[in-house]
Amino acid sequence: MSFVPDAPPVPLHGDLAPDDFRRVAHAAVDWIADYLEHPERHPVRSQVAPGDIARALPAAPPTHGESLDAMLADVQQTLLPGITHWNHPGFFAYFANSGAYPGILAELLTAGLNANGMLWITSPAVTELEQVTLDWLRQLMGLSEPWFGEITDTASVSTFYALAAARERIAPSVRTEGMAGRTDLPRLRVYCSEHAHSSIDKAVIALGLGHHNLVKIPADDMLRMRPDALRDAMAADVAQGYRPMAVVPCVGTTSATSVDPVAAVVQIAREFDCWVHVDAAYAGVAAIVPELRYVMDGVDGADSFVVNPHKWLFTPMDCSVLYTRHPDVLKQAFALLPEYLVTRTGSEAVNLMDYGIQLGRRFRALKLWMTLRAYGAEGLAERIRFHCELAREFAGMVHFEGGWELTAPVTLSLVCFRHVPPDMNEEALAAHNARIMERVNARGRVYLSHTKLNGRYTLRLAVGNIRTDREHITLAWQELRDAARAELAGG
Ligand code: PLP
C-alpha cells in the first residue's frame with residue numbers, strides 16, 4: 001500500500017505547503033486506522049535479526065530533500081518488519097503499553113502545537129492541564145487530597161525523582177557538598193522487596209547511594225514484602241550506624257503483580273523517619289475499578305508514588321506520573337534559576353522545571369486528558385475489570401489442564417504459569433518452557449515473556465491491551481498447548 005504517490009519532496013527552504021501536508025497527513029491517518037483495524041496482518045513480535053533494519057537503511061544522509069511519500073513507503077516496507085506491535089491484541093509480554101485512538105490523536109495535536117511547557121509562561125495550558133488532569137487521575141484512583149503530580153517519561157525517572165527528594169529531606173547538604181569523602185554523613189539505605197523492579201536499583205545507583213545500600217527484603221508466599229523482615233533489617237542497619245532513607249513498596253510487582261502491604265510498610269517507615277515511595281507503575285490504575293480500589297490501600301499515607309498511564313490506561317508511550325505529598329522537598333532537590341529563566345509571573349504560577357531534571361516539557365497531559373475524557377471513569381473501569389476477568393479465565397484453562405501449573409496467585413491481569421511434564425528437573429523445565437515460549441513468539445500470533453519466581457522459570461501472560469478480547473486469550477492458550485506438544489514430540 002502506498003501513502004500518496006504524488007506527494008512532492010520537502011522543499012529545501014521553509015516547510016511543506018499546508019495543502020501538501022494535509023494530503024499526506026490524511027493518508028497517514030487512514031494508514032493508522034487501517035493498521036489498527038487489522039493488526040493481525042503483522043507478526044506481533046518483530047521477527048528480524050539484529051542488524052537487519054540498519055543494513056536496509058542508507059548509511060549516508062540524503063543530499064537532496066526527499067518526498068514524504070518515499071519516507072512513508074520506507075516506514076512501511078523497511079521499518080515495519082522491525083516493529084514489535086505493542087498495539088496488537090495478541091501482545092501479552094511484559095506489561096502492555098497500548099495506545100487508544102484519543103491518545104493517538106492527541107499526539108498528533110501535540111506535535112502540531114509543539115508547545116514546550118518548561119515554564120508556566122511558555123505555555124500556561126501545558127502546566128495547568130497537567131495539574132488538572134493529574135488531579136482527575138488522583139480522584140479516579142480514590143486518593144485523598146492533596147497530592148502534587150507531574151508527568152515524566154517513565155516510572156524509572158519518576159522513582160529517581162522520588163528518591164532524590166527522599167535524600168534531600170534527610171541530607172540536604174548533599175546538594176552542595178556531594179557525598180564523596182564525607183565523614184559527617186551516615187550511609188543512607190533504601191529498602192524494597194526482593195521482587196521490586198530494577199528501576200529502584202538504577203535510581204539508587206544513579207543517586208550515588210551505592211547499590212549495596214539497597215536492601216532487598218524477603219517476601220511471603222504471596223510474593224509480598226514481609227513487614228517483620230523489613231523492621232528487622234532497618235533496626236539492624238540502625239544498630240550498625242546506617243541511616244534508613246526510603247522504603248519502596250510495590251503495588252503490582254513486575255514478575256507477579258503481587259501487592260506489598262503498603263499500610264504496614266508506612267507504619268514501620270515512620271518509626272525510622274523514612275520516606276515511603278510506592279511503585280504502582282503498572283497496577284495503580286486498577287484502583288479506578290471500585291472493587292479493586294484496595295490495591296492502593298495505605299498509599300495515602302506514603303510520601304510519593306508513581307503510576308504509569310502508558311501501561312494500563314491506554315495512553316500512548318510515554319506517560320508516567322509522579323505524585324508527592326511534598327512538592328516543596330522535590331523542588332528543594334531540583335530547583336535552580338539562572339537569569340535567562342527568570343519570569344515575573346508570581347508565586348501562583350507553577351514552573352514544572354523546578355520539580356525535576358528536565359527543562360523542556362512535552363505536552364503529554366493532552367493525551368492523558370483526552371483518554372480520560374473519552375472513556376470516563378466507567379469506561380476505564382470496565383476495560384480494566386474485563387482484563388482481570390480474561391486473566392482469571394486463562395488461569396482457569398491452565399489450572400484445569402493436566403501437565404500445566406500456575407506459579408503465582410492471579411491478583412490482577414497477569415498469569416504466571418509453566419508446562420510441567422513429568423521427570424524434568426528445574427533446569428530441564430526452564431529450558432523446556434523457554435523453548436515453548438520461543439516457538440509461540442516465532443509464530444507471531446501472540447507474544448509472551450518470562451520471569452523467574454523463587455528460582456523457577458515462569459511464563460507470563462499479561463493482559464492489558466485495549467484491543468485484547470476473549471478470542472485472543474483462547475488463541476494464546478491454543479498456541480501454547482500446540483507448542484508444548486510439538487516440543488515433547490521433538491518436532
Ligand atoms: N515499576 C514496575 C513495577 C514495572 O513493572 C516497570 C516496568 O514494567 C517499571 C517500574 C519501569 O517502568 P518504565 O519503563 O516506565 O520505567
# chains A, B, ... in the order shown; residues from 1 in each chain; ligands from 1
>>> closest_atom_pairs(of="chain A", to="ligand 1", cutoff="8 Å", atoms="only C-alpha atoms and all ligand atoms", output="tab-separated table")
residue	atom	partner	partner_atom_place_in_ligand_line	distance
A:Tyr94	CA	ligand 1	8 (O)	6.4
A:Phe95	CA	ligand 1	8 (O)	5.8
A:Asp153	CA	ligand 1	15 (O)	6.9
A:Thr154	CA	ligand 1	15 (O)	3.4
A:Ala155	CA	ligand 1	15 (O)	3.7
A:Ser156	CA	ligand 1	16 (O)	3.7
A:Val157	CA	ligand 1	16 (O)	6.5
A:Ser158	CA	ligand 1	16 (O)	8.0
A:Ala196	CA	ligand 1	3 (C)	6.8
A:His197	CA	ligand 1	1 (N)	5.1
A:Ser198	CA	ligand 1	10 (C)	7.4
A:Ser199	CA	ligand 1	10 (C)	5.8
A:Ile200	CA	ligand 1	10 (C)	7.8
A:Cys250	CA	ligand 1	3 (C)	6.5
A:Val251	CA	ligand 1	3 (C)	7.2
A:Gly252	CA	ligand 1	3 (C)	5.8
A:Thr253	CA	ligand 1	3 (C)	4.7
A:Thr254	CA	ligand 1	5 (O)	4.0
A:Ser255	CA	ligand 1	5 (O)	7.7
A:Thr257	CA	ligand 1	3 (C)	7.8
A:Asp279	CA	ligand 1	1 (N)	5.7
A:Ala280	CA	ligand 1	3 (C)	6.2
A:Ala281	CA	ligand 1	1 (N)	4.9
A:Tyr282	CA	ligand 1	5 (O)	5.6
A:Ala283	CA	ligand 1	3 (C)	7.8
A:Asn308	CA	ligand 1	15 (O)	6.4
A:His310	CA	ligand 1	15 (O)	7.8
A:Lys311	CA	ligand 1	15 (O)	7.8
A:Asp318	CA	ligand 1	15 (O)	7.8
A:Cys319	CA	ligand 1	15 (O)	7.9
A:Ser320	CA	ligand 1	15 (O)	6.3
>>> residues_around(residues="Ser304 (chain A)", least_positions_apart="5", cutoff="7 Å", atoms="only C-alpha atoms", output="NGL selection string")
:A and (162 or 276-278 or 323-325)
>>> write_last_selection(atoms="C-alpha atoms", output="short mmCIF file (atom, residue, chain, number, x, y, z; two decimals), in the first residue's frame")
data_model
loop_
_atom_site.label_atom_id
_atom_site.label_comp_id
_atom_site.auth_asym_id
_atom_site.auth_seq_id
_atom_site.Cartn_x
_atom_site.Cartn_y
_atom_site.Cartn_z
CA ALA A 162 11.18 10.49 44.39
CA VAL A 276 7.92 5.93 51.51
CA HIS A 277 7.73 5.86 47.72
CA VAL A 278 5.21 3.42 46.25
CA TYR A 323 2.76 12.13 42.82
CA THR A 324 4.15 13.51 46.04
CA ARG A 325 2.81 14.98 49.25
#
>>> atom_distance(atom1="CA of Asp20 (chain A)", atom2="CA of Pro58 (chain A)")
25.8 Å
>>> select_by_dssp(residues="region 117-281 of chain A", states="alpha helix (DSSP H)", output="ChimeraX atom specification")
/A:124-140,155-170,174-177,198-206,227-239,262-271
>>> closest_residue(among="A:Leu140, A:Pro261, A:Leu16, A:Val126", to="Glu66 (chain A)", atoms="only C-alpha atoms")
A:Leu16
>>> residues_around(residues="region 347-360 of chain A", least_positions_apart="4", cutoff="12 Å", atoms="only C-alpha atoms", output="PyMOL selection string")
chain A and resi 114-131+148-153+157-165+322-324+326-338+341-343+364
>>> write_last_selection(atoms="C-alpha atoms", output="compact mmCIF listing (two decimals), in the first residue's frame")
# COMPACT_ATOMS: atom_id res chain seq x y z
CA ASN A 114 4.86 21.81 19.56
CA ALA A 115 4.37 23.61 22.86
CA ASN A 116 7.20 23.48 25.38
CA GLY A 117 5.95 23.87 28.95
CA MET A 118 9.36 24.44 30.52
CA LEU A 119 7.99 27.49 32.35
CA TRP A 120 4.37 28.37 33.06
CA ILE A 121 4.58 31.36 30.72
CA THR A 122 5.98 29.32 27.83
CA SER A 123 2.57 27.62 27.58
CA PRO A 124 0.27 28.07 30.57
CA ALA A 125 -2.10 25.40 29.23
CA VAL A 126 0.65 22.75 29.30
CA THR A 127 1.23 23.28 33.01
CA GLU A 128 -2.35 23.83 34.04
CA LEU A 129 -3.84 20.97 32.01
CA GLU A 130 -1.20 18.71 33.53
CA GLN A 131 -2.16 19.76 37.05
CA PHE A 148 1.07 17.20 43.74
CA GLY A 149 1.55 15.45 40.41
CA GLU A 150 3.91 15.83 37.49
CA ILE A 151 4.28 13.87 34.30
CA THR A 152 7.58 12.27 33.42
CA ASP A 153 8.55 9.91 30.64
CA VAL A 157 12.61 8.59 36.10
CA SER A 158 9.66 9.16 38.46
CA THR A 159 11.26 6.86 41.03
CA PHE A 160 14.63 8.53 40.58
CA TYR A 161 13.00 11.90 41.36
CA ALA A 162 11.18 10.49 44.39
CA LEU A 163 14.38 9.05 45.84
CA ALA A 164 16.21 12.30 45.12
CA ALA A 165 13.56 14.05 47.22
CA LEU A 322 4.90 11.02 39.90
CA TYR A 323 2.76 12.13 42.82
CA THR A 324 4.15 13.51 46.04
CA HIS A 326 5.97 17.09 49.50
CA PRO A 327 6.43 19.15 46.33
CA ASP A 328 8.45 21.61 48.43
CA VAL A 329 11.10 18.92 49.07
CA LEU A 330 11.14 17.85 45.43
CA LYS A 331 11.59 21.48 44.49
CA GLN A 332 14.36 21.90 47.03
CA ALA A 333 16.14 18.97 45.39
CA PHE A 334 15.90 20.26 41.84
CA ALA A 335 15.08 23.98 41.57
CA LEU A 336 17.75 26.23 40.10
CA LEU A 337 17.07 29.57 38.47
CA PRO A 338 19.50 31.07 36.01
CA LEU A 341 14.72 31.68 33.01
CA VAL A 342 13.52 34.37 35.42
CA THR A 343 9.89 35.38 34.82
CA ARG A 364 1.97 14.88 27.44
>>> atom_distance(atom1="CA of Ala442 (chain A)", atom2="CA of Arg45 (chain A)")
7.6 Å
>>> residues_around(residues="Val295 (chain A)", least_positions_apart="2", cutoff="9 Å", atoms="only C-alpha atoms", output="NGL selection string")
:A and (251-252 or 259 or 283-284 or 286-287 or 292-293 or 297-299)
>>> residues_around(residues="Thr451 (chain A)", least_positions_apart="2", cutoff="10 Å", atoms="only C-alpha atoms", output="ChimeraX atom specification")
/A:94,254-256,416,449,453-460
>>> closest_residue(among="A:Ile170, A:Leu366, A:Val398, A:Leu80", to="Leu185 (chain A)", atoms="only C-alpha atoms")
A:Ile170
>>> closest_residue(among="A:Pro421, A:Gly142, A:Gly178, A:Pro227", to="Glu291 (chain A)", atoms="only C-alpha atoms")
A:Gly142
>>> atom_distance(atom1="CA of Thr78 (chain A)", atom2="CA of Asp15 (chain A)")
25.3 Å
>>> residues_around(residues="Leu461 (chain A)", least_positions_apart="4", cutoff="10 Å", atoms="only C-alpha atoms", output="ChimeraX atom specification")
/A:91-95,391,394-395,413-417,446-450,473,476-477
>>> select_by_dssp(residues="region 180-217 of chain A", states="strand (DSSP E or B)", output="MDAnalysis selection string")
chainID A and resid 188:193 214:217
>>> closest_residue(among="A:Thr407, A:Asp19, A:Pro309, A:Arg439", to="Val321 (chain A)", atoms="only C-alpha atoms")
A:Pro309
